[in-house]
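See below for input14.pdb, which holds PDB, N, CA and C atoms and all ligand atoms.
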```pdb
MODEL        1
ATOM      1  N   MET W  21      11.454-156.844-159.643
ATOM      2  CA  MET W  21      10.460-156.147-160.457
ATOM      3  C   MET W  21      11.151-155.281-161.496
ATOM      4  N   ASN W  22      10.664-155.367-162.721
ATOM      5  CA  ASN W  22      11.242-154.559-163.783
ATOM      6  C   ASN W  22      10.836-153.104-163.642
ATOM      7  N   SER W  23      11.745-152.221-163.885
ATOM      8  CA  SER W  23      11.411-150.799-163.854
ATOM      9  C   SER W  23      11.566-150.175-165.233
ATOM     10  N   GLU W  24      11.758-151.011-166.222
ATOM     11  CA  GLU W  24      11.978-150.499-167.572
ATOM     12  C   GLU W  24      10.936-151.074-168.520
ATOM     13  N   TRP W  25      10.517-150.264-169.485
ATOM     14  CA  TRP W  25       9.700-150.769-170.582
ATOM     15  C   TRP W  25      10.602-151.507-171.544
ATOM     16  N   CYS W  26      10.056-152.520-172.216
ATOM     17  CA  CYS W  26      10.903-153.277-173.139
ATOM     18  C   CYS W  26      11.365-152.390-174.285
ATOM     19  N   CYS W  27      10.510-151.447-174.709
ATOM     20  CA  CYS W  27      10.915-150.504-175.746
ATOM     21  C   CYS W  27       9.954-149.314-175.713
ATOM     22  N   ALA W  28      10.365-148.235-176.336
ATOM     23  CA  ALA W  28       9.558-147.012-176.310
ATOM     24  C   ALA W  28       8.232-147.188-177.042
ATOM     25  N   GLU W  29       8.244-147.977-178.122
ATOM     26  CA  GLU W  29       7.021-148.176-178.888
ATOM     27  C   GLU W  29       5.942-148.850-178.050
ATOM     28  N   PHE W  30       6.365-149.832-177.269
ATOM     29  CA  PHE W  30       5.391-150.533-176.441
ATOM     30  C   PHE W  30       4.778-149.581-175.421
ATOM     31  N   ARG W  31       5.602-148.781-174.815
ATOM     32  CA  ARG W  31       5.089-147.838-173.818
ATOM     33  C   ARG W  31       4.134-146.843-174.458
ATOM     34  N   GLU W  32       4.478-146.363-175.638
ATOM     35  CA  GLU W  32       3.615-145.384-176.300
ATOM     36  C   GLU W  32       2.282-145.984-176.696
ATOM     37  N   ARG W  33       2.276-147.260-176.999
ATOM     38  CA  ARG W  33       1.049-147.913-177.456
ATOM     39  C   ARG W  33       0.225-148.490-176.322
ATOM     40  N   PHE W  34       0.739-148.461-175.133
ATOM     41  CA  PHE W  34       0.002-149.042-174.025
ATOM     42  C   PHE W  34      -1.095-148.072-173.583
ATOM     43  N   PHE W  35      -2.348-148.561-173.535
ATOM     44  CA  PHE W  35      -3.456-147.697-173.131
ATOM     45  C   PHE W  35      -3.349-147.351-171.658
ATOM     46  N   GLN W  36      -3.412-146.064-171.378
ATOM     47  CA  GLN W  36      -3.335-145.619-170.002
ATOM     48  C   GLN W  36      -4.654-145.000-169.591
ATOM     49  N   THR W  37      -4.987-145.151-168.329
ATOM     50  CA  THR W  37      -6.239-144.591-167.835
ATOM     51  C   THR W  37      -6.268-143.084-168.051
ATOM     52  N   GLN W  38      -5.136-142.458-167.879
ATOM     53  CA  GLN W  38      -5.081-141.012-168.008
ATOM     54  C   GLN W  38      -4.327-140.600-169.253
ATOM     55  N   GLY W  39      -4.608-141.260-170.352
ATOM     56  CA  GLY W  39      -3.883-140.892-171.565
ATOM     57  C   GLY W  39      -4.668-141.302-172.784
ATOM     58  N   ARG W  40      -3.969-141.484-173.858
ATOM     59  CA  ARG W  40      -4.573-141.870-175.119
ATOM     60  C   ARG W  40      -5.208-143.253-174.985
ATOM     61  N   GLN W  41      -6.446-143.365-175.426
ATOM     62  CA  GLN W  41      -7.090-144.672-175.350
ATOM     63  C   GLN W  41      -7.872-144.960-176.609
ATOM     64  N   ASP W  42      -7.394-144.456-177.736
ATOM     65  CA  ASP W  42      -8.050-144.844-178.983
ATOM     66  C   ASP W  42      -6.995-145.198-180.020
ATOM     67  N   GLY W  43      -7.491-145.686-181.173
ATOM     68  CA  GLY W  43      -6.560-146.178-182.170
ATOM     69  C   GLY W  43      -6.031-147.541-181.770
ATOM     70  N   LEU W  44      -4.875-147.859-182.303
ATOM     71  CA  LEU W  44      -4.276-149.159-182.040
ATOM     72  C   LEU W  44      -3.461-149.110-180.752
ATOM     73  N   GLY W  45      -3.723-150.036-179.878
ATOM     74  CA  GLY W  45      -2.987-150.008-178.628
ATOM     75  C   GLY W  45      -2.998-151.345-177.931
ATOM     76  N   ILE W  46      -2.303-151.373-176.828
ATOM     77  CA  ILE W  46      -2.145-152.598-176.065
ATOM     78  C   ILE W  46      -2.723-152.394-174.677
ATOM     79  N   LEU W  47      -3.380-153.403-174.202
ATOM     80  CA  LEU W  47      -3.816-153.369-172.818
ATOM     81  C   LEU W  47      -3.535-154.716-172.205
ATOM     82  N   TRP W  48      -3.679-154.802-170.914
ATOM     83  CA  TRP W  48      -3.504-156.106-170.295
ATOM     84  C   TRP W  48      -4.615-156.357-169.304
ATOM     85  N   PHE W  49      -4.915-157.625-169.137
ATOM     86  CA  PHE W  49      -5.894-158.044-168.156
ATOM     87  C   PHE W  49      -5.159-158.789-167.065
ATOM     88  N   VAL W  50      -5.367-158.357-165.860
ATOM     89  CA  VAL W  50      -4.691-158.995-164.746
ATOM     90  C   VAL W  50      -5.725-159.740-163.908
ATOM     91  N   HIS W  51      -5.541-161.023-163.810
ATOM     92  CA  HIS W  51      -6.402-161.837-162.969
ATOM     93  C   HIS W  51      -5.630-162.174-161.713
ATOM     94  N   SER W  52      -6.343-162.326-160.636
ATOM     95  CA  SER W  52      -5.652-162.446-159.360
ATOM     96  C   SER W  52      -4.723-163.656-159.312
ATOM     97  N   ARG W  53      -5.144-164.759-159.889
ATOM     98  CA  ARG W  53      -4.314-165.960-159.754
ATOM     99  C   ARG W  53      -3.649-166.390-161.039
ATOM    100  N   ALA W  54      -4.161-165.914-162.162
ATOM    101  CA  ALA W  54      -3.574-166.323-163.433
ATOM    102  C   ALA W  54      -2.561-165.288-163.902
ATOM    103  N   ALA W  55      -1.808-165.674-164.887
ATOM    104  CA  ALA W  55      -0.840-164.749-165.467
ATOM    105  C   ALA W  55      -1.577-163.655-166.237
ATOM    106  N   PRO W  56      -1.020-162.465-166.266
ATOM    107  CA  PRO W  56      -1.650-161.385-167.042
ATOM    108  C   PRO W  56      -1.701-161.721-168.532
ATOM    109  N   VAL W  57      -2.734-161.194-169.199
ATOM    110  CA  VAL W  57      -2.899-161.422-170.633
ATOM    111  C   VAL W  57      -2.746-160.081-171.346
ATOM    112  N   PHE W  58      -1.881-160.051-172.336
ATOM    113  CA  PHE W  58      -1.665-158.842-173.120
ATOM    114  C   PHE W  58      -2.459-158.928-174.408
ATOM    115  N   VAL W  59      -3.151-157.840-174.737
ATOM    116  CA  VAL W  59      -4.040-157.850-175.891
ATOM    117  C   VAL W  59      -3.774-156.624-176.760
ATOM    118  N   LEU W  60      -3.699-156.868-178.053
ATOM    119  CA  LEU W  60      -3.611-155.786-179.030
ATOM    120  C   LEU W  60      -5.022-155.477-179.501
ATOM    121  N   GLU W  61      -5.424-154.216-179.395
ATOM    122  CA  GLU W  61      -6.806-153.867-179.666
ATOM    123  C   GLU W  61      -6.883-152.566-180.450
ATOM    124  N   TYR W  62      -7.862-152.508-181.332
ATOM    125  CA  TYR W  62      -8.086-151.270-182.077
ATOM    126  C   TYR W  62      -9.384-150.647-181.611
ATOM    127  N   ARG W  63      -9.315-149.394-181.195
ATOM    128  CA  ARG W  63     -10.488-148.760-180.604
ATOM    129  C   ARG W  63     -10.983-147.591-181.429
ATOM    130  N   HIS W  64     -12.292-147.363-181.342
ATOM    131  CA  HIS W  64     -12.879-146.198-181.982
ATOM    132  C   HIS W  64     -12.264-144.932-181.401
ATOM    133  N   PRO W  65     -11.997-143.949-182.233
ATOM    134  CA  PRO W  65     -11.515-142.677-181.695
ATOM    135  C   PRO W  65     -12.627-141.923-180.969
ATOM    136  N   ASN W  66     -12.237-141.196-179.965
ATOM    137  CA  ASN W  66     -13.120-140.262-179.256
ATOM    138  C   ASN W  66     -14.385-140.913-178.697
ATOM    139  N   ARG W  67     -14.223-142.073-178.120
ATOM    140  CA  ARG W  67     -15.365-142.698-177.455
ATOM    141  C   ARG W  67     -15.131-142.704-175.954
ATOM    142  N   THR W  68     -16.180-142.397-175.225
ATOM    143  CA  THR W  68     -16.110-142.504-173.773
ATOM    144  C   THR W  68     -17.291-143.316-173.289
ATOM    145  N   PRO W  69     -17.112-144.446-172.666
ATOM    146  CA  PRO W  69     -15.814-145.048-172.398
ATOM    147  C   PRO W  69     -15.206-145.638-173.669
ATOM    148  N   PRO W  70     -13.918-145.931-173.634
ATOM    149  CA  PRO W  70     -13.251-146.494-174.814
ATOM    150  C   PRO W  70     -13.927-147.772-175.294
ATOM    151  N   GLU W  71     -14.070-147.881-176.603
ATOM    152  CA  GLU W  71     -14.815-149.012-177.161
ATOM    153  C   GLU W  71     -14.009-149.676-178.269
ATOM    154  N   PRO W  72     -13.726-150.946-178.113
ATOM    155  CA  PRO W  72     -12.958-151.634-179.158
ATOM    156  C   PRO W  72     -13.778-151.821-180.423
ATOM    157  N   ILE W  73     -13.131-151.805-181.558
ATOM    158  CA  ILE W  73     -13.810-151.989-182.837
ATOM    159  C   ILE W  73     -14.208-153.451-183.024
ATOM    160  N   ALA W  74     -13.330-154.365-182.630
ATOM    161  CA  ALA W  74     -13.624-155.782-182.753
ATOM    162  C   ALA W  74     -13.883-156.380-181.370
ATOM    163  N   GLU W  75     -14.683-157.414-181.348
ATOM    164  CA  GLU W  75     -14.997-158.069-180.084
ATOM    165  C   GLU W  75     -13.746-158.633-179.435
ATOM    166  N   ASP W  76     -12.946-159.248-180.267
ATOM    167  CA  ASP W  76     -11.770-159.925-179.743
ATOM    168  C   ASP W  76     -10.502-159.186-180.113
ATOM    169  N   GLY W  77      -9.661-158.971-179.134
ATOM    170  CA  GLY W  77      -8.347-158.439-179.427
ATOM    171  C   GLY W  77      -7.410-159.570-179.802
ATOM    172  N   ILE W  78      -6.222-159.215-180.159
ATOM    173  CA  ILE W  78      -5.207-160.203-180.503
ATOM    174  C   ILE W  78      -4.318-160.409-179.301
ATOM    175  N   LYS W  79      -4.288-161.612-178.814
ATOM    176  CA  LYS W  79      -3.456-161.885-177.641
ATOM    177  C   LYS W  79      -1.984-161.893-178.035
ATOM    178  N   LEU W  80      -1.213-161.211-177.233
ATOM    179  CA  LEU W  80       0.211-161.083-177.527
ATOM    180  C   LEU W  80       1.034-161.885-176.542
ATOM    181  N   LYS W  81       1.997-162.578-177.068
ATOM    182  CA  LYS W  81       2.955-163.259-176.210
ATOM    183  C   LYS W  81       4.293-162.518-176.216
ATOM    184  N   PHE W  82       4.585-161.929-177.371
ATOM    185  CA  PHE W  82       5.836-161.197-177.523
ATOM    186  C   PHE W  82       5.541-159.761-177.942
ATOM    187  N   CYS W  83       6.415-158.869-177.577
ATOM    188  CA  CYS W  83       6.276-157.478-178.000
ATOM    189  C   CYS W  83       6.367-157.414-179.522
ATOM    190  N   PRO W  84       5.373-156.756-180.183
ATOM    191  CA  PRO W  84       5.393-156.684-181.649
ATOM    192  C   PRO W  84       6.569-155.879-182.182
ATOM    193  N   TRP W  85       7.175-155.063-181.350
ATOM    194  CA  TRP W  85       8.245-154.181-181.834
ATOM    195  C   TRP W  85       9.631-154.725-181.527
ATOM    196  N   CYS W  86       9.825-155.224-180.332
ATOM    197  CA  CYS W  86      11.186-155.651-179.999
ATOM    198  C   CYS W  86      11.292-157.161-179.781
ATOM    199  N   GLY W  87      10.148-157.855-179.728
ATOM    200  CA  GLY W  87      10.178-159.301-179.645
ATOM    201  C   GLY W  87      10.403-159.876-178.258
ATOM    202  N   ARG W  88      10.369-159.032-177.262
ATOM    203  CA  ARG W  88      10.574-159.498-175.894
ATOM    204  C   ARG W  88       9.383-160.348-175.438
ATOM    205  N   ASN W  89       9.650-161.333-174.615
ATOM    206  CA  ASN W  89       8.572-162.119-174.012
ATOM    207  C   ASN W  89       7.882-161.257-172.960
ATOM    208  N   LEU W  90       6.605-160.945-173.207
ATOM    209  CA  LEU W  90       5.919-159.978-172.363
ATOM    210  C   LEU W  90       5.691-160.491-170.948
ATOM    211  N   LEU W  91       5.384-161.767-170.855
ATOM    212  CA  LEU W  91       5.123-162.317-169.536
ATOM    213  C   LEU W  91       6.394-162.314-168.677
ATOM    214  N   GLU W  92       7.480-162.639-169.309
ATOM    215  CA  GLU W  92       8.739-162.616-168.568
ATOM    216  C   GLU W  92       9.119-161.198-168.177
ATOM    217  N   HIS W  93       8.826-160.271-169.081
ATOM    218  CA  HIS W  93       9.276-158.901-168.837
ATOM    219  C   HIS W  93       8.356-158.159-167.874
ATOM    220  N   TYR W  94       7.042-158.398-167.985
ATOM    221  CA  TYR W  94       6.084-157.626-167.190
ATOM    222  C   TYR W  94       5.304-158.478-166.200
ATOM    223  N   GLY W  95       5.716-159.715-166.049
ATOM    224  CA  GLY W  95       4.971-160.602-165.172
ATOM    225  C   GLY W  95       4.884-160.107-163.739
ATOM    226  N   SER W  96       5.856-159.332-163.324
ATOM    227  CA  SER W  96       5.842-158.847-161.946
ATOM    228  C   SER W  96       5.333-157.420-161.841
ATOM    229  N   GLY W  97       4.882-156.855-162.955
ATOM    230  CA  GLY W  97       4.304-155.524-162.880
ATOM    231  C   GLY W  97       4.816-154.603-163.969
ATOM    232  N   LEU W  98       4.047-153.551-164.223
ATOM    233  CA  LEU W  98       4.441-152.585-165.236
ATOM    234  C   LEU W  98       5.308-151.504-164.620
ATOM    235  N   PRO W  99       6.249-151.021-165.380
ATOM    236  CA  PRO W  99       7.037-149.874-164.898
ATOM    237  C   PRO W  99       6.181-148.609-164.925
ATOM    238  N   PRO W 100       6.596-147.552-164.275
ATOM    239  CA  PRO W 100       5.832-146.301-164.311
ATOM    240  C   PRO W 100       5.789-145.729-165.722
ATOM    241  N   PHE W 101       4.650-145.056-166.039
ATOM    242  CA  PHE W 101       4.502-144.525-167.385
ATOM    243  C   PHE W 101       5.387-143.310-167.619
ATOM    244  N   HIS W 102       5.540-142.535-166.576
ATOM    245  CA  HIS W 102       6.306-141.299-166.758
ATOM    246  C   HIS W 102       7.620-141.387-166.022
ATOM    247  N   SER W 103       8.666-141.264-166.754
ATOM    248  CA  SER W 103       9.963-141.186-166.097
ATOM    249  C   SER W 103      10.182-139.746-165.652
ATOM    250  N   ALA W 104      11.162-139.574-164.824
ATOM    251  CA  ALA W 104      11.413-138.240-164.301
ATOM    252  C   ALA W 104      11.736-137.244-165.398
ATOM    253  N   SER W 105      12.322-137.736-166.462
ATOM    254  CA  SER W 105      12.768-136.830-167.508
ATOM    255  C   SER W 105      11.617-136.383-168.410
ATOM    256  N   SER W 106      10.524-137.180-168.487
ATOM    257  CA  SER W 106       9.455-136.837-169.402
ATOM    258  C   SER W 106       8.464-135.847-168.787
ATOM    259  N   ASP W 107       8.580-135.592-167.519
ATOM    260  CA  ASP W 107       7.705-134.595-166.900
ATOM    261  C   ASP W 107       8.424-133.277-166.893
TER     262      ASP W 107
HETATM  263 ZN    ZN C 201       9.096-153.995-176.839
ENDMDL
END
```
Would you write the structure of this file as structure tokens?
Ligand SMILES: [Zn+2]
Amino acid sequence: MNSEWCCAEFRERFFQTQGRQDGLGILWFVHSRAAPVFVLEYRHPNRTPPEPIAEDGIKLKFCPWCGRNLLEHYGSGLPPFHSASSD
């Protein structure tokens, strides 16, 4: 299991339940038997619950910033959002 984010930009843009969830960001859908799907989505600011501006997000195969294959990198799970040093 990976314990590292592919790059800082990806981590900053990833929507977290307890964090920023508007503007441009990335989320993933995890299905029990299928591979996770990564989506780039733009959301209205200050909406609860978060609401995407467009119906369809852009499916991502590679990280837009560093070009890493997302499925290969995160297929076994996401690393923790907060490292010990950021708290
Ligand atoms: Zn990256």
Which of chain W counts as helix (DSSP H, G or I) under DSSP, as a PyMOL selection string please? chain W and resi 28-33+90-94
Assign secondary structure with DSSP using the backbone only, and return the residues of chain W in strand (DSSP E or B) as a short mmCIF file (atom, residue, chain, number, x, y, z; two decimals) with N, CA and C atoms, in the frame of the given file.
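The resulting file, result.cif, is shown below:
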```cif
data_model
loop_
_atom_site.label_atom_id
_atom_site.label_comp_id
_atom_site.auth_asym_id
_atom_site.auth_seq_id
_atom_site.Cartn_x
_atom_site.Cartn_y
_atom_site.Cartn_z
N PHE W 34 0.74 -148.46 -175.13
CA PHE W 34 0.00 -149.04 -174.02
C PHE W 34 -1.10 -148.07 -173.58
N GLY W 43 -7.49 -145.69 -181.17
CA GLY W 43 -6.56 -146.18 -182.17
C GLY W 43 -6.03 -147.54 -181.77
N LEU W 44 -4.88 -147.86 -182.30
CA LEU W 44 -4.28 -149.16 -182.04
C LEU W 44 -3.46 -149.11 -180.75
N GLY W 45 -3.72 -150.04 -179.88
CA GLY W 45 -2.99 -150.01 -178.63
C GLY W 45 -3.00 -151.34 -177.93
N ILE W 46 -2.30 -151.37 -176.83
CA ILE W 46 -2.14 -152.60 -176.06
C ILE W 46 -2.72 -152.39 -174.68
N LEU W 47 -3.38 -153.40 -174.20
CA LEU W 47 -3.82 -153.37 -172.82
C LEU W 47 -3.54 -154.72 -172.20
N TRP W 48 -3.68 -154.80 -170.91
CA TRP W 48 -3.50 -156.11 -170.30
C TRP W 48 -4.62 -156.36 -169.30
N PHE W 49 -4.92 -157.62 -169.14
CA PHE W 49 -5.89 -158.04 -168.16
C PHE W 49 -5.16 -158.79 -167.06
N VAL W 57 -2.73 -161.19 -169.20
CA VAL W 57 -2.90 -161.42 -170.63
C VAL W 57 -2.75 -160.08 -171.35
N PHE W 58 -1.88 -160.05 -172.34
CA PHE W 58 -1.66 -158.84 -173.12
C PHE W 58 -2.46 -158.93 -174.41
N VAL W 59 -3.15 -157.84 -174.74
CA VAL W 59 -4.04 -157.85 -175.89
C VAL W 59 -3.77 -156.62 -176.76
N LEU W 60 -3.70 -156.87 -178.05
CA LEU W 60 -3.61 -155.79 -179.03
C LEU W 60 -5.02 -155.48 -179.50
N GLU W 61 -5.42 -154.22 -179.40
CA GLU W 61 -6.81 -153.87 -179.67
C GLU W 61 -6.88 -152.57 -180.45
N TYR W 62 -7.86 -152.51 -181.33
CA TYR W 62 -8.09 -151.27 -182.08
C TYR W 62 -9.38 -150.65 -181.61
N ARG W 63 -9.32 -149.39 -181.20
CA ARG W 63 -10.49 -148.76 -180.60
C ARG W 63 -10.98 -147.59 -181.43
N PRO W 72 -13.73 -150.95 -178.11
CA PRO W 72 -12.96 -151.63 -179.16
C PRO W 72 -13.78 -151.82 -180.42
N ILE W 78 -6.22 -159.22 -180.16
CA ILE W 78 -5.21 -160.20 -180.50
C ILE W 78 -4.32 -160.41 -179.30
N LYS W 79 -4.29 -161.61 -178.81
CA LYS W 79 -3.46 -161.88 -177.64
C LYS W 79 -1.98 -161.89 -178.04
N LEU W 80 -1.21 -161.21 -177.23
CA LEU W 80 0.21 -161.08 -177.53
C LEU W 80 1.03 -161.88 -176.54
N PHE W 82 4.58 -161.93 -177.37
CA PHE W 82 5.84 -161.20 -177.52
C PHE W 82 5.54 -159.76 -177.94
N ASN W 89 9.65 -161.33 -174.62
CA ASN W 89 8.57 -162.12 -174.01
C ASN W 89 7.88 -161.26 -172.96
#
```
Please, which residues have at least one atom within 6.5 Å of an atom of ligand ZN 201 (chain C), using only N, CA and C atoms and all ligand atoms, listed as a PDB file with N, CA and C atoms, keeping the file's coordinate frame?
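As a result, selection-v8.pdb now contains:
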```pdb
ATOM      1  N   TRP W  25      10.517-150.264-169.485  1.00  0.00           N
ATOM      2  CA  TRP W  25       9.700-150.769-170.582  1.00  0.00           C
ATOM      3  C   TRP W  25      10.602-151.507-171.544  1.00  0.00           C
ATOM      4  N   CYS W  26      10.056-152.520-172.216  1.00  0.00           N
ATOM      5  CA  CYS W  26      10.903-153.277-173.139  1.00  0.00           C
ATOM      6  C   CYS W  26      11.365-152.390-174.285  1.00  0.00           C
ATOM      7  N   CYS W  27      10.510-151.447-174.709  1.00  0.00           N
ATOM      8  CA  CYS W  27      10.915-150.504-175.746  1.00  0.00           C
ATOM      9  C   CYS W  27       9.954-149.314-175.713  1.00  0.00           C
ATOM     10  N   ALA W  28      10.365-148.235-176.336  1.00  0.00           N
ATOM     11  CA  ALA W  28       9.558-147.012-176.310  1.00  0.00           C
ATOM     12  C   ALA W  28       8.232-147.188-177.042  1.00  0.00           C
ATOM     13  N   GLU W  29       8.244-147.977-178.122  1.00  0.00           N
ATOM     14  CA  GLU W  29       7.021-148.176-178.888  1.00  0.00           C
ATOM     15  C   GLU W  29       5.942-148.850-178.050  1.00  0.00           C
ATOM     16  N   PHE W  30       6.365-149.832-177.269  1.00  0.00           N
ATOM     17  CA  PHE W  30       5.391-150.533-176.441  1.00  0.00           C
ATOM     18  C   PHE W  30       4.778-149.581-175.421  1.00  0.00           C
ATOM     19  N   CYS W  83       6.415-158.869-177.577  1.00  0.00           N
ATOM     20  CA  CYS W  83       6.276-157.478-178.000  1.00  0.00           C
ATOM     21  C   CYS W  83       6.367-157.414-179.522  1.00  0.00           C
ATOM     22  N   PRO W  84       5.373-156.756-180.183  1.00  0.00           N
ATOM     23  CA  PRO W  84       5.393-156.684-181.649  1.00  0.00           C
ATOM     24  C   PRO W  84       6.569-155.879-182.182  1.00  0.00           C
ATOM     25  N   TRP W  85       7.175-155.063-181.350  1.00  0.00           N
ATOM     26  CA  TRP W  85       8.245-154.181-181.834  1.00  0.00           C
ATOM     27  C   TRP W  85       9.631-154.725-181.527  1.00  0.00           C
ATOM     28  N   CYS W  86       9.825-155.224-180.332  1.00  0.00           N
ATOM     29  CA  CYS W  86      11.186-155.651-179.999  1.00  0.00           C
ATOM     30  C   CYS W  86      11.292-157.161-179.781  1.00  0.00           C
ATOM     31  N   GLY W  87      10.148-157.855-179.728  1.00  0.00           N
ATOM     32  CA  GLY W  87      10.178-159.301-179.645  1.00  0.00           C
ATOM     33  C   GLY W  87      10.403-159.876-178.258  1.00  0.00           C
ATOM     34  N   ARG W  88      10.369-159.032-177.262  1.00  0.00           N
ATOM     35  CA  ARG W  88      10.574-159.498-175.894  1.00  0.00           C
ATOM     36  C   ARG W  88       9.383-160.348-175.438  1.00  0.00           C
TER      37      ARG W  88
END
```
Suppose you want the space between CA of Ile46 (chain W) and CA of Glu61 (chain W); what is it in Å?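 Taking CA of Ile46 (chain W) and CA of Glu61 (chain W), their separation equals 6.0 Å.
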I would like the residues chosen by the PyMOL selection byres (((chain W and resi 75 and name CA) around 12) and not hetatm and name CA) on the shown file; could you give them as a ChimeraX atom specification? /W:59-63,71-74,76-78
Among W:Pro56, W:Pro65, W:Gly95, W:Pro100, Gln41 (chain W) is approached most closely, using only N, CA and C atoms, by W:Pro65
Point-to-point distance in Å for CA of Glu92 (chain W) and CA of Pro70 (chain W):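 Those two atoms sit 28.0 Å apart.
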W:His93, W:Gly45, W:Pro99, W:Glu24 ranked by distance to Lys79 (chain W), top pick (using only C-alpha atoms): W:Gly45
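Each of W:Ser23, W:Leu98, W:Asn89, W:His64 was compared to Leu47 (chain W) using only C-alpha atoms, and W:Leu98 turns out to be the nearest.
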Have a look at atom C of Pro69 (chain W) and CA of Arg33 (chain W) and let me know their distance in Å, one decimal.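 Distance reported for this atom pair: 16.8 Å.
Shortest separation to Ala55 (chain W) among W:Phe82, W:Phe101, W:Tyr94, W:Phe35 occurs at residue W:Tyr94, atoms counted being only C-alpha atoms.
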With only N, CA and C atoms as the basis for distance, which of W:Gln36, W:Gly43, W:Arg31, W:Gly97 is at the shortest distance from Asn66 (chain W)?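 Ranking W:Gln36, W:Gly43, W:Arg31, W:Gly97 by distance to Asn66 (chain W), first place goes to W:Gly43.
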